[in-house]
Amino acid sequence: MTEGSVWRLYNGIDPPAAGGFKYTCQSGRETETGPGPGAVTAAKPAPIRKGGWKMIKRVAICGVAQTRYESNKWHQRMQGMALEVVEAIREQTGVTYSEDGGINTVVTCSDDVFDARTISDNAMTDVVGAHYRCEEKVAMDGINAIAYALAIVLSGHDDLVLIVGHCKESQSESRNTCTNLAFDPFYCRPLGLDYLSAAALQARAYMERSGVTDRQLAEVVSHARRNAARNPLANARQPLTAEEVMKSPMLCDPIRALHAYPVSDGAIAVLVAAEERCKEFTDRPVWITGFANCMDSYFLGDRDLAGDFSLRRAAEKAYGMAGVTGAGVFDLVEIDAQYAHQAPMWAEVLGLCPENGGGAWVDSGGLDAANVNPSGGTLAGNPQMLSGLSRAAEAAVQLRGEAGGRQVKGAKRALAHGTCGPAGQHQAVLILES
Amino acid sequence: MKKPKKNRNVGIIGVGQTIYSSHREDVNQAEMVHEAVALALKDAGLTRDDIDCVVHGNMELFEMVHQPDIWHTIATGAYGKSAFRLTTGGTTGTTVVCAADNLVASGLYDIVVAIGFEKLQEGHTTGGITNMADPLWGRHLQTGALTDATAQAMIREFGEERALRAAMRMRVQMDKHACLNPNSHRSFGLDYSQIDDLMKNSPRLVGELRLIHMCSQSDGACAVIFAGEEKAKKLSDKPVWVRDHITVHREETFTMYSLDPADRDPSSHRIAAQRLFERNGITNPVEYFDVFEMYDPSAWWGLDWLRDFMLLDGDEHLKMVENDEILIGGKMVMNPSGGVVAANPIGATAIVRVAEAALQVRGDAGRHQAPGGVRHALASGFGGTYWTVLVMLEKDLDWQEVSADG
Amino acid sequence: MAEFFGATVEDVFKTQDARFRAEDAKGVDAVVAYDITGEGGGRWRVTVRDSRAVTEKVTGSDFGAFTTKITTDAETFIGVTVGKIDGTAAFTSGRVKIEGDMKIVALLPRLFTKYSPPSRGVSARDIIATFPERFRPEAAKGLDAAIGYNLAGEGGGQWTAVVKDGRLEMREGLAENLTVNQTVGARDYVDLMLGKLDPMVAIGAGRLRITGDMEVAKVLPKLFRKYEPKEVERGPELIVLKKTISVGMRFSTGPVMGRFLEGLKGRKIFANVCPSCGRRQLPPREVCAVCRCRAGEFVEVGPEGVLVNVEICYYASPDPLTGETRETPYGTSNILLDGCRGTETFWHYIKREDLFDVKRGSRVRPVWAESRTGSVHDIKYFEMVR
């Protein structure tokens, strides 16, 4: 791969594909500054409630479908991608859209800015089967859509929910332009912050704290590619040696081009049902036994970027719900590392290795020992809106024993992790059991 | 369709609204959201520490902020808490309400705050709405939410004079309510004596849809706090119970026009109302509901949809307007707040309907309180291509035995 | 002239040309007629052309040719001008009426800087009320005089300052035997006190009249300490950032929409058909929403058809894909193309010249663009079949 093509791949500025049409979406904006950003400051949050959670009934994932992830699905609209996975779920589970007992509630997952559409779920109503039905869009990483579906079923509002997530990162000229817009328009946005540069600040902070090296980060990528080679759905499947990774250009120091997840397009569908409905759709239900998510503060300067704040709180609560005491009980762990340094950093928080021990853990084969990201993980290429949802989908596929060449033998309990926002501001932990 | 059986009851225990205005230059988005959240917490007598989870929603392309809950964390109190973001266009405000209800009823969270906001002044509203259309097709043709198809259909059905007059009468009625609501963005002091003048002279937007008929473009935020039954009873002396909710979407393409009205697809509003009322054993909604807060983006839609939502036939909805039955003090009060034509911060608009309906049930609506004790209230959200969400609120929990049988 | 919110209509137009911002007026050629009704009203015409602005008072009833005419009452006009009344609300509720080109109205705030009424907030009455605290007894030694202040207009009144034995007493009204009498408009008095109006100019122009003992009149300025206006209470000036956000996008068309757009290039309109219910979809969709199955074969429909729903839009909105404002009025319609039934309509523009001739049921045909690229604009519009 030449340096030029790497740049194109990661900046998403390759020329329009055949049959593609280029449009610009623009509108004048006037944004008030107000007395000043940060006037509303966050106080120290109350301690999180651990344990004592009891789900009123058991809820399971009864079907999972994913498209192949590609850097540019120029041949499909987002509707086409979504339809592919919806049809696969129907085929797989035999679920119908009958008003009586079929799918009446659909939770989609995507984002208006990435989709370049106001109310982008408007485009999906028919393909997800929600015509004259309920559809609600979770506009954040789709792992949270599973949690929302869980809540719908537990609440008794419905006993069957179809989740459809989709994202075409290739559609915008640069995903960094999109994520730059997540920052306040007065201070952080003009500074040029986006999710990549925020992750780079985090990577530097983590390297300084833990002493993790450029070589160890390269090993993380190499490991991801090794696993991705066994995953026919992965985007980036070409094996890479650590040396090759270390030679890749700096994308945003210290993040190298190959440390970052590639621009990816794809869609995922997941069918979630109450226990009493599961047998209609599958004989291998995957039980949702724990979930929590947590938001960190907004300004990067207010946060310990290499810290554990929101992930630790989410993990402790989820572990409490599932009644597990530590990461040792998981047969596999899908970590949503969008950048190489996040794999060891968040492994530390989840309890897979000691604090500041992430680098040594990578060196000693910890990733394989703990079955981290047998799918290749987000580094092998999942769009950002689906990075956690694809972790959950992969974990469910493993627990169903359907993971083919990447199957972890006898996997019974898995952790799936998802994150959104700059440098992991929002963290979610999902625990699944067969 | 199966009737949902709620795992546990959910009560509204706090409501916070900013004023609605065309210009909130004095605050930025986060500060405006914080106003609503702080007011809701104050209303509920809670602090940020009491909240388990924050649900946030709006429409990103109006302000061009991607996932604004990320930035607004400094305002919502989500720091260190569970947080969700749901968006469904105009219905977003009711979707975050449904989500909060589901999240609390599930038992996963005890206290959830739902937040809707929009600062429409910061972008171009009509342009932002037009962006909802397919970039390859409708985006070139659409003009925001402006259409006079409903006006034309009503003129065909009821005659020009009666239809024009009824729509303008409803507009004046909404304004009379808006004048009693201190949060209103627009309260003109309109009077029935102006109907003829406005019918002729209000500038046309599209055909018979005139400027006075159409909703405003507002800045504002609204937050509502939900709690499980046990906590709701402990924390509030008048919790408002969320009885049920329903969401009905329809396909993107506008397959809703035909030469023969019999060919038309059923209205998503009527379908939602039918399904919701049937599973809750409500046969006569006009009799049952004391207050209906409808998401009425224009007087034409408000008038037409009254028939669908209340399952009326023929010209019953026109008569309700002509006989002032929807006015405060009337048989079934519609939009005592003044409705959406009085204030429309889009991402907040639908949650404002729920907030206002809850205040009515509590008896805390102030000057625009409907008299006689509001026990049953309905709130609607509108968005997308004729999407609808309905939320039913109750003063007492006594409906449960009734609906368990029916 | 009647004053509202501290200004008259005349005040506003007198400063109109001085407030012109030529830098934003390039290419603007417009005549705006103002018909300000009621007390304090009048007629003005503002011409903006060749980066210049000329404001003239119109006598008689004929404005001559104008681009845009704004009709409103004086109170509303001034209220909107000084920002005390919401302009959109005034327009919506019918208090402001606009004829002709609406776009100019939206442009006006950029063409002219905002009018601020002079000495906002301080009235002559306020200043009179500060006499006792500003009185200097040492300067009044041996003086025995009754000084009249006859200040006409809003915020004015009549007062007499009685000075005797080094003491001051203020009385309402003018005393019978005044030593000195000053007659001046209340607004001019405020301007005099604020140093905005030169006393000699005011006397020369006849706006300030002083009668009585001129020797006493000369010592008057020494009797009081200088009037210091209080800081006008205003919040800090908040900054508003203006940004145009543009994210380049490349939309795939996919095999379904792509096929349809490809058809347009060859002057053909393709619908796809639901294999279950037979519904024809325009533009084609991946699925039939009703039957929840993949839509099937493509069939050519039209190109002629009848109008089902005609919408004539007067609201000038920008095309979000280009940022350009559409010319109004324009018409769109849902068209039932030949071969389609019921609600299977096709959405497109109506030819501008046909707008007011067509109605529901009118027969129309597409007018194809010369160069076609596979977009909605491959059809320019539909025109009436006459």
# chains A, B, ... in the order shown; residues from 1 in each chain; ligands from 1
>>> residues_around(residues="Ala271 of chain C", least_positions_apart="2", cutoff="8 Å", atoms="only C-alpha atoms", output="PyMOL selection string")
chain C and resi 260+269+273+280-284+298-301
>>> write_last_selection(atoms="C-alpha atoms", output="mmCIF file, in the first residue's frame")
data_model
loop_
_atom_site.group_PDB
_atom_site.id
_atom_site.type_symbol
_atom_site.label_atom_id
_atom_site.label_comp_id
_atom_site.auth_asym_id
_atom_site.auth_seq_id
_atom_site.Cartn_x
_atom_site.Cartn_y
_atom_site.Cartn_z
ATOM 1 C CA PHE C 260 -34.476 5.323 -12.416
ATOM 2 C CA ILE C 269 -39.659 7.528 -16.535
ATOM 3 C CA VAL C 273 -43.659 -2.599 -9.350
ATOM 4 C CA ARG C 280 -46.008 1.256 -8.992
ATOM 5 C CA GLN C 281 -43.451 3.329 -7.159
ATOM 6 C CA LEU C 282 -42.155 6.719 -8.276
ATOM 7 C CA PRO C 283 -39.358 7.234 -7.742
ATOM 8 C CA PRO C 284 -38.689 3.525 -7.338
ATOM 9 C CA PHE C 298 -39.242 -1.731 -13.799
ATOM 10 C CA VAL C 299 -41.940 -0.455 -16.133
ATOM 11 C CA GLU C 300 -41.989 2.719 -18.156
ATOM 12 C CA VAL C 301 -44.826 5.065 -17.237
#
>>> residues_around(residues="Ile225 of chain B", least_positions_apart="6", cutoff="9 Å", atoms="only C-alpha atoms", output="VMD selection string")
chain B and resid 11 to 16 37 40 to 41 44 51 100 111 to 115
>>> residues_around(residues="Val80 of chain C", least_positions_apart="2", cutoff="12 Å", atoms="only C-alpha atoms", output="list in words")
Phe4, Phe5, Ala7, Val9, Val12, Thr72, Asp73, Ala74, Glu75, Thr76, Phe77, Ile78, Val82, Gly83, Lys84, Ile85, Asp86, Gly87, Thr88, Ala89, Ala90, Phe91, Arg95, Val96, Pro109, Lys114, Tyr115 and Ser116 of chain C
>>> write_last_selection(atoms="C-alpha atoms", output="CSV table (one decimal), in the first residue's frame")
chain,number,residue,atom,x,y,z
C,4,PHE,CA,-42.9,56.2,19.9
C,5,PHE,CA,-40.2,54.3,21.8
C,7,ALA,CA,-38.2,58.3,18.2
C,9,VAL,CA,-40.8,58.3,12.0
C,12,VAL,CA,-35.7,57.2,11.3
C,72,THR,CA,-47.8,49.7,8.7
C,73,ASP,CA,-48.7,52.2,11.5
C,74,ALA,CA,-46.1,54.6,13.0
C,75,GLU,CA,-45.9,52.8,16.4
C,76,THR,CA,-45.3,49.4,14.8
C,77,PHE,CA,-42.8,50.9,12.3
C,78,ILE,CA,-40.7,52.5,15.0
C,82,VAL,CA,-35.7,50.1,17.3
C,83,GLY,CA,-36.2,46.4,18.1
C,84,LYS,CA,-39.0,46.8,20.6
C,85,ILE,CA,-41.5,44.9,18.4
C,86,ASP,CA,-40.8,41.5,16.8
C,87,GLY,CA,-40.9,42.2,13.1
C,88,THR,CA,-41.9,38.7,12.1
C,89,ALA,CA,-44.7,38.7,14.6
C,90,ALA,CA,-45.9,42.1,13.3
C,91,PHE,CA,-45.8,40.8,9.8
C,95,ARG,CA,-49.8,44.8,11.4
C,96,VAL,CA,-47.1,45.0,8.7
C,109,PRO,CA,-31.2,44.8,7.8
C,114,LYS,CA,-29.8,49.6,12.9
C,115,TYR,CA,-31.4,52.9,13.9
C,116,SER,CA,-30.9,53.8,17.6
>>> interface_residues(of="chain C", to="chain B", cutoff="6 Å", atoms="only C-alpha atoms", output="ChimeraX atom specification")
/C:92,308,312-315,320,342-343,376
>>> closest_residue(among="B:Lys6, B:Lys231, B:Lys319, B:Lys119", to="Ala348 of chain B", atoms="only C-alpha atoms")
B:Lys119
>>> residues_around(residues="Lys176 of chain B", least_positions_apart="5", cutoff="12 Å", atoms="only C-alpha atoms", output="short mmCIF file (atom, residue, chain, number, x, y, z; two decimals) with N, CA and C atoms, in the first residue's frame")
data_model
loop_
_atom_site.label_atom_id
_atom_site.label_comp_id
_atom_site.auth_asym_id
_atom_site.auth_seq_id
_atom_site.Cartn_x
_atom_site.Cartn_y
_atom_site.Cartn_z
N ARG B 169 -60.54 30.38 12.37
CA ARG B 169 -61.13 30.44 13.71
C ARG B 169 -60.26 29.64 14.69
N MET B 170 -59.83 28.47 14.24
CA MET B 170 -58.95 27.69 15.11
C MET B 170 -57.66 28.46 15.39
N ARG B 171 -57.15 29.14 14.37
CA ARG B 171 -55.92 29.91 14.56
C ARG B 171 -56.11 30.97 15.64
N ASN B 181 -50.37 32.15 27.99
CA ASN B 181 -49.20 31.33 28.32
C ASN B 181 -47.95 32.21 28.29
N SER B 184 -45.12 31.59 25.65
CA SER B 184 -45.38 31.63 24.21
C SER B 184 -44.37 32.46 23.46
N ARG B 186 -45.23 33.40 20.24
CA ARG B 186 -46.08 34.32 19.51
C ARG B 186 -47.47 34.39 20.16
N SER B 187 -47.84 35.54 20.62
CA SER B 187 -49.21 35.77 21.10
C SER B 187 -49.59 37.14 20.58
N PHE B 188 -50.48 37.15 19.61
CA PHE B 188 -50.77 38.39 18.88
C PHE B 188 -51.92 39.18 19.47
N GLY B 189 -52.78 38.52 20.25
CA GLY B 189 -54.01 39.17 20.68
C GLY B 189 -55.03 39.20 19.55
N LEU B 190 -55.09 38.12 18.78
CA LEU B 190 -56.04 38.07 17.66
C LEU B 190 -57.46 37.94 18.19
N ASP B 191 -58.40 38.41 17.37
CA ASP B 191 -59.80 38.36 17.76
C ASP B 191 -60.61 37.81 16.60
N TYR B 192 -61.77 37.22 16.93
CA TYR B 192 -62.63 36.67 15.88
C TYR B 192 -62.97 37.73 14.83
N ASP B 324 -66.64 26.58 19.60
CA ASP B 324 -65.69 26.91 20.66
C ASP B 324 -65.53 25.79 21.69
N ILE B 326 -63.22 23.62 21.73
CA ILE B 326 -61.81 23.35 22.02
C ILE B 326 -61.17 24.48 22.81
N LEU B 327 -61.92 25.53 23.07
CA LEU B 327 -61.39 26.65 23.87
C LEU B 327 -61.31 26.24 25.34
N ILE B 328 -60.44 26.90 26.08
CA ILE B 328 -60.37 26.67 27.53
C ILE B 328 -61.77 26.91 28.09
N MET B 334 -58.34 21.93 23.47
CA MET B 334 -57.19 21.61 22.63
C MET B 334 -56.13 22.71 22.78
N ASN B 335 -54.93 22.28 23.05
CA ASN B 335 -53.78 23.18 23.15
C ASN B 335 -54.04 24.41 24.01
N PRO B 336 -54.33 24.22 25.29
CA PRO B 336 -54.45 25.39 26.16
C PRO B 336 -53.16 26.21 26.21
N SER B 337 -52.05 25.58 25.84
CA SER B 337 -50.76 26.30 25.81
C SER B 337 -50.68 27.26 24.63
N GLY B 338 -51.57 27.12 23.66
CA GLY B 338 -51.44 27.88 22.41
C GLY B 338 -50.93 26.99 21.29
N GLY B 339 -50.36 25.86 21.67
CA GLY B 339 -49.94 24.88 20.67
C GLY B 339 -48.69 25.27 19.92
N VAL B 341 -48.42 26.44 16.84
CA VAL B 341 -48.47 27.70 16.10
C VAL B 341 -48.02 28.86 16.99
N ALA B 342 -48.01 28.64 18.31
CA ALA B 342 -47.56 29.69 19.22
C ALA B 342 -46.07 29.59 19.55
N ARG B 367 -52.38 30.58 34.21
CA ARG B 367 -53.47 31.31 33.55
C ARG B 367 -54.12 30.49 32.44
N HIS B 368 -53.38 29.55 31.86
CA HIS B 368 -54.01 28.75 30.81
C HIS B 368 -54.48 27.38 31.31
#
>>> select_by_dssp(residues="segment 163-269 of chain A", states="alpha helix (DSSP H)", output="PyMOL selection string")
chain A and resi 175-180+195-210+214-228+242-247
>>> closest_residue(among="A:Gly156, A:Gly142, A:Gly94, A:Pro232", to="chain B", atoms="only C-alpha atoms")
A:Gly156
>>> residues_around(residues="segment 382-388 of chain B", least_positions_apart="6", cutoff="10 Å", atoms="only C-alpha atoms", output="short mmCIF file (atom, residue, chain, number, x, y, z; two decimals) with N, CA and C atoms, in the first residue's frame")
data_model
loop_
_atom_site.label_atom_id
_atom_site.label_comp_id
_atom_site.auth_asym_id
_atom_site.auth_seq_id
_atom_site.Cartn_x
_atom_site.Cartn_y
_atom_site.Cartn_z
N THR A 118 -31.64 15.40 7.39
CA THR A 118 -32.45 15.66 8.56
C THR A 118 -33.40 14.47 8.71
N ILE A 119 -33.57 14.00 9.95
CA ILE A 119 -34.44 12.84 10.19
C ILE A 119 -34.06 11.69 9.26
N SER A 120 -32.83 11.24 9.32
CA SER A 120 -32.39 10.29 8.29
C SER A 120 -33.14 8.97 8.38
N ASP A 121 -33.77 8.66 9.52
CA ASP A 121 -34.55 7.43 9.58
C ASP A 121 -35.78 7.51 8.68
N ASN A 122 -36.12 8.72 8.28
CA ASN A 122 -37.19 8.93 7.32
C ASN A 122 -36.94 8.14 6.04
N ALA A 123 -35.67 8.00 5.69
CA ALA A 123 -35.32 7.29 4.46
C ALA A 123 -35.46 5.79 4.62
N THR A 125 -37.83 3.99 6.69
CA THR A 125 -39.08 3.43 7.20
C THR A 125 -39.51 2.19 6.43
N HIS A 131 -43.40 0.78 8.12
CA HIS A 131 -44.56 1.49 7.59
C HIS A 131 -45.78 1.18 8.46
N TYR A 132 -46.40 2.20 8.99
CA TYR A 132 -47.51 2.07 9.95
C TYR A 132 -47.12 1.30 11.22
N ARG A 133 -45.85 1.35 11.56
CA ARG A 133 -45.36 0.72 12.79
C ARG A 133 -44.53 1.74 13.55
N CYS A 134 -44.03 1.29 14.71
CA CYS A 134 -43.16 2.14 15.52
C CYS A 134 -41.72 2.02 15.04
N GLU A 135 -41.09 3.16 14.89
CA GLU A 135 -39.65 3.17 14.61
C GLU A 135 -39.06 4.30 15.44
N THR B 88 -36.05 11.45 16.13
CA THR B 88 -36.98 11.02 15.08
C THR B 88 -37.61 12.23 14.40
N GLY B 89 -36.86 13.31 14.26
CA GLY B 89 -37.40 14.50 13.62
C GLY B 89 -38.36 15.23 14.54
N GLY B 90 -39.46 15.71 13.99
CA GLY B 90 -40.41 16.50 14.78
C GLY B 90 -40.95 15.73 15.96
N THR B 91 -41.05 14.40 15.81
CA THR B 91 -41.56 13.59 16.91
C THR B 91 -40.53 13.38 18.00
N THR B 92 -39.29 13.84 17.79
CA THR B 92 -38.22 13.58 18.75
C THR B 92 -38.66 13.83 20.19
N GLY B 93 -39.33 14.94 20.43
CA GLY B 93 -39.73 15.29 21.80
C GLY B 93 -40.60 14.22 22.43
N THR B 94 -41.50 13.61 21.66
CA THR B 94 -42.31 12.54 22.22
C THR B 94 -41.53 11.23 22.23
N THR B 95 -40.59 11.06 21.29
CA THR B 95 -39.79 9.84 21.31
C THR B 95 -38.92 9.78 22.57
N ILE B 129 -35.37 21.53 7.17
CA ILE B 129 -36.43 20.53 6.98
C ILE B 129 -36.35 19.93 5.59
N MET B 132 -34.52 16.82 4.85
CA MET B 132 -35.03 15.49 5.19
C MET B 132 -35.33 14.67 3.93
N ALA B 133 -35.52 15.37 2.82
CA ALA B 133 -35.93 14.67 1.61
C ALA B 133 -34.74 13.97 0.96
N ALA B 145 -41.71 22.22 5.50
CA ALA B 145 -42.97 21.55 5.84
C ALA B 145 -44.14 22.33 5.27
N ILE B 246 -47.86 5.36 21.82
CA ILE B 246 -47.78 4.62 20.56
C ILE B 246 -47.08 5.48 19.51
N THR B 247 -46.31 4.82 18.67
CA THR B 247 -45.61 5.50 17.57
C THR B 247 -46.03 4.84 16.26
N VAL B 248 -46.44 5.65 15.30
CA VAL B 248 -46.78 5.12 13.98
C VAL B 248 -46.08 5.96 12.91
N HIS B 249 -45.20 5.32 12.16
CA HIS B 249 -44.51 6.00 11.07
C HIS B 249 -45.16 5.59 9.75
N ARG B 250 -44.80 6.32 8.71
CA ARG B 250 -45.21 5.86 7.38
C ARG B 250 -44.06 6.09 6.41
N GLU B 251 -44.17 5.45 5.25
CA GLU B 251 -43.07 5.46 4.29
C GLU B 251 -42.72 6.89 3.85
N GLU B 252 -41.53 7.00 3.28
CA GLU B 252 -40.99 8.31 2.93
C GLU B 252 -41.72 8.96 1.76
N THR B 253 -42.05 8.17 0.75
CA THR B 253 -42.64 8.78 -0.45
C THR B 253 -44.07 9.23 -0.14
N PHE B 254 -44.44 10.32 -0.77
CA PHE B 254 -45.74 10.92 -0.47
C PHE B 254 -46.83 10.24 -1.30
N MET B 256 -49.77 9.91 -0.92
CA MET B 256 -50.95 10.31 -0.16
C MET B 256 -51.86 11.23 -0.96
N SER B 267 -54.80 7.58 7.35
CA SER B 267 -53.93 8.53 8.02
C SER B 267 -53.21 7.86 9.19
N SER B 268 -51.92 8.14 9.30
CA SER B 268 -51.15 7.55 10.40
C SER B 268 -51.68 8.04 11.75
N HIS B 269 -52.25 9.26 11.76
CA HIS B 269 -52.81 9.78 13.01
C HIS B 269 -54.00 8.94 13.45
N ARG B 270 -54.87 8.63 12.47
CA ARG B 270 -56.07 7.87 12.82
C ARG B 270 -55.69 6.45 13.24
N ILE B 271 -54.73 5.88 12.52
CA ILE B 271 -54.30 4.52 12.87
C ILE B 271 -53.75 4.49 14.29
N ALA B 272 -52.90 5.48 14.62
CA ALA B 272 -52.31 5.53 15.95
C ALA B 272 -53.40 5.66 17.00
N ALA B 273 -54.35 6.56 16.76
CA ALA B 273 -55.41 6.79 17.73
C ALA B 273 -56.27 5.52 17.89
N MET B 294 -51.99 18.96 21.01
CA MET B 294 -51.65 18.42 19.70
C MET B 294 -50.46 19.18 19.10
N TYR B 295 -49.61 18.41 18.42
CA TYR B 295 -48.52 19.03 17.66
C TYR B 295 -49.16 19.52 16.36
N ASP B 296 -49.56 20.79 16.33
CA ASP B 296 -50.27 21.36 15.19
C ASP B 296 -49.37 22.35 14.45
N PRO B 297 -48.61 21.89 13.46
CA PRO B 297 -47.67 22.79 12.79
C PRO B 297 -48.35 23.92 12.02
N ILE B 346 -38.35 22.98 17.30
CA ILE B 346 -38.82 21.69 16.79
C ILE B 346 -38.42 20.48 17.64
N GLY B 347 -37.13 20.36 17.98
CA GLY B 347 -36.73 19.19 18.78
C GLY B 347 -37.38 19.16 20.14
N THR B 349 -40.52 20.70 20.59
CA THR B 349 -41.96 20.97 20.44
C THR B 349 -42.83 19.83 20.96
N ALA B 350 -42.48 18.60 20.63
CA ALA B 350 -43.33 17.48 21.02
C ALA B 350 -43.25 17.21 22.52
#
>>> residues_around(residues="segment 194-202 of chain A", least_positions_apart="5", cutoff="7 Å", atoms="only C-alpha atoms", output="list in words")
Asn176, Thr179, Asn180, Cys252, Asp253, Pro254, Ile255, Leu305, Ala306, Pro422 and Ala423 of chain A
>>> write_last_selection(atoms="C-alpha atoms", output="PDB file, in the first residue's frame")
ATOM      1  CA  ASN A 176     -13.277  14.155  10.547  1.00  0.00           C
ATOM      2  CA  THR A 179     -16.945  14.704  13.993  1.00  0.00           C
ATOM      3  CA  ASN A 180     -15.487  18.218  14.135  1.00  0.00           C
ATOM      4  CA  CYS A 252      -2.226  12.625  13.997  1.00  0.00           C
ATOM      5  CA  ASP A 253       0.821  12.149  16.172  1.00  0.00           C
ATOM      6  CA  PRO A 254       1.154   9.656  17.892  1.00  0.00           C
ATOM      7  CA  ILE A 255      -1.617   7.942  15.945  1.00  0.00           C
ATOM      8  CA  LEU A 305      -8.132  11.495  28.860  1.00  0.00           C
ATOM      9  CA  ALA A 306      -6.130   8.385  29.671  1.00  0.00           C
ATOM     10  CA  PRO A 422     -14.449  12.188  21.426  1.00  0.00           C
ATOM     11  CA  ALA A 423     -11.793  10.017  23.139  1.00  0.00           C
TER      12      ALA A 423
END
>>> closest_residue(among="A:Val164, A:Ile268, A:Leu150, A:Cys178", to="Leu430 of chain A", atoms="only C-alpha atoms")
A:Leu150
>>> residues_around(residues="Leu350 of chain A", least_positions_apart="6", cutoff="8 Å", atoms="only C-alpha atoms", output="list in words")
Leu311, Arg312, Ala315, Gly326 and Ala327 of chain A
>>> closest_residue(among="A:Val245, A:Ala369, A:Ala318, A:Met295", to="chain B", atoms="only C-alpha atoms")
A:Met295
>>> closest_atom_pairs(of="chain C", to="chain A", cutoff="6 Å", atoms="only C-alpha atoms", output="JSON lines")
{"residue": "C:Val240", "atom": "CA", "partner": "A:Glu32", "partner_atom": "CA", "distance": 4.8}
{"residue": "C:Leu241", "atom": "CA", "partner": "A:Thr31", "partner_atom": "CA", "distance": 5.3}
{"residue": "C:Lys242", "atom": "CA", "partner": "A:Glu30", "partner_atom": "CA", "distance": 4.5}
{"residue": "C:Lys243", "atom": "CA", "partner": "A:Arg29", "partner_atom": "CA", "distance": 5.2}
{"residue": "C:Thr244", "atom": "CA", "partner": "A:Gly28", "partner_atom": "CA", "distance": 4.5}
{"residue": "C:Ser246", "atom": "CA", "partner": "A:Gln26", "partner_atom": "CA", "distance": 4.7}
{"residue": "C:Gly248", "atom": "CA", "partner": "A:Thr24", "partner_atom": "CA", "distance": 4.9}
{"residue": "C:Met249", "atom": "CA", "partner": "A:Ser172", "partner_atom": "CA", "distance": 4.5}
{"residue": "C:Arg250", "atom": "CA", "partner": "A:Lys22", "partner_atom": "CA", "distance": 4.4}
{"residue": "C:Phe251", "atom": "CA", "partner": "A:Phe21", "partner_atom": "CA", "distance": 5.6}
{"residue": "C:Ser252", "atom": "CA", "partner": "A:Gly20", "partner_atom": "CA", "distance": 5.0}
{"residue": "C:Thr253", "atom": "CA", "partner": "A:Arg77", "partner_atom": "CA", "distance": 5.9}
{"residue": "C:Gly254", "atom": "CA", "partner": "A:Gln76", "partner_atom": "CA", "distance": 4.2}
{"residue": "C:Ala289", "atom": "CA", "partner": "A:Asp126", "partner_atom": "CA", "distance": 4.4}
{"residue": "C:Arg292", "atom": "CA", "partner": "A:Gly129", "partner_atom": "CA", "distance": 5.9}
{"residue": "C:Pro320", "atom": "CA", "partner": "A:Gln26", "partner_atom": "CA", "distance": 5.9}
{"residue": "C:Leu321", "atom": "CA", "partner": "A:Cys25", "partner_atom": "CA", "distance": 5.0}
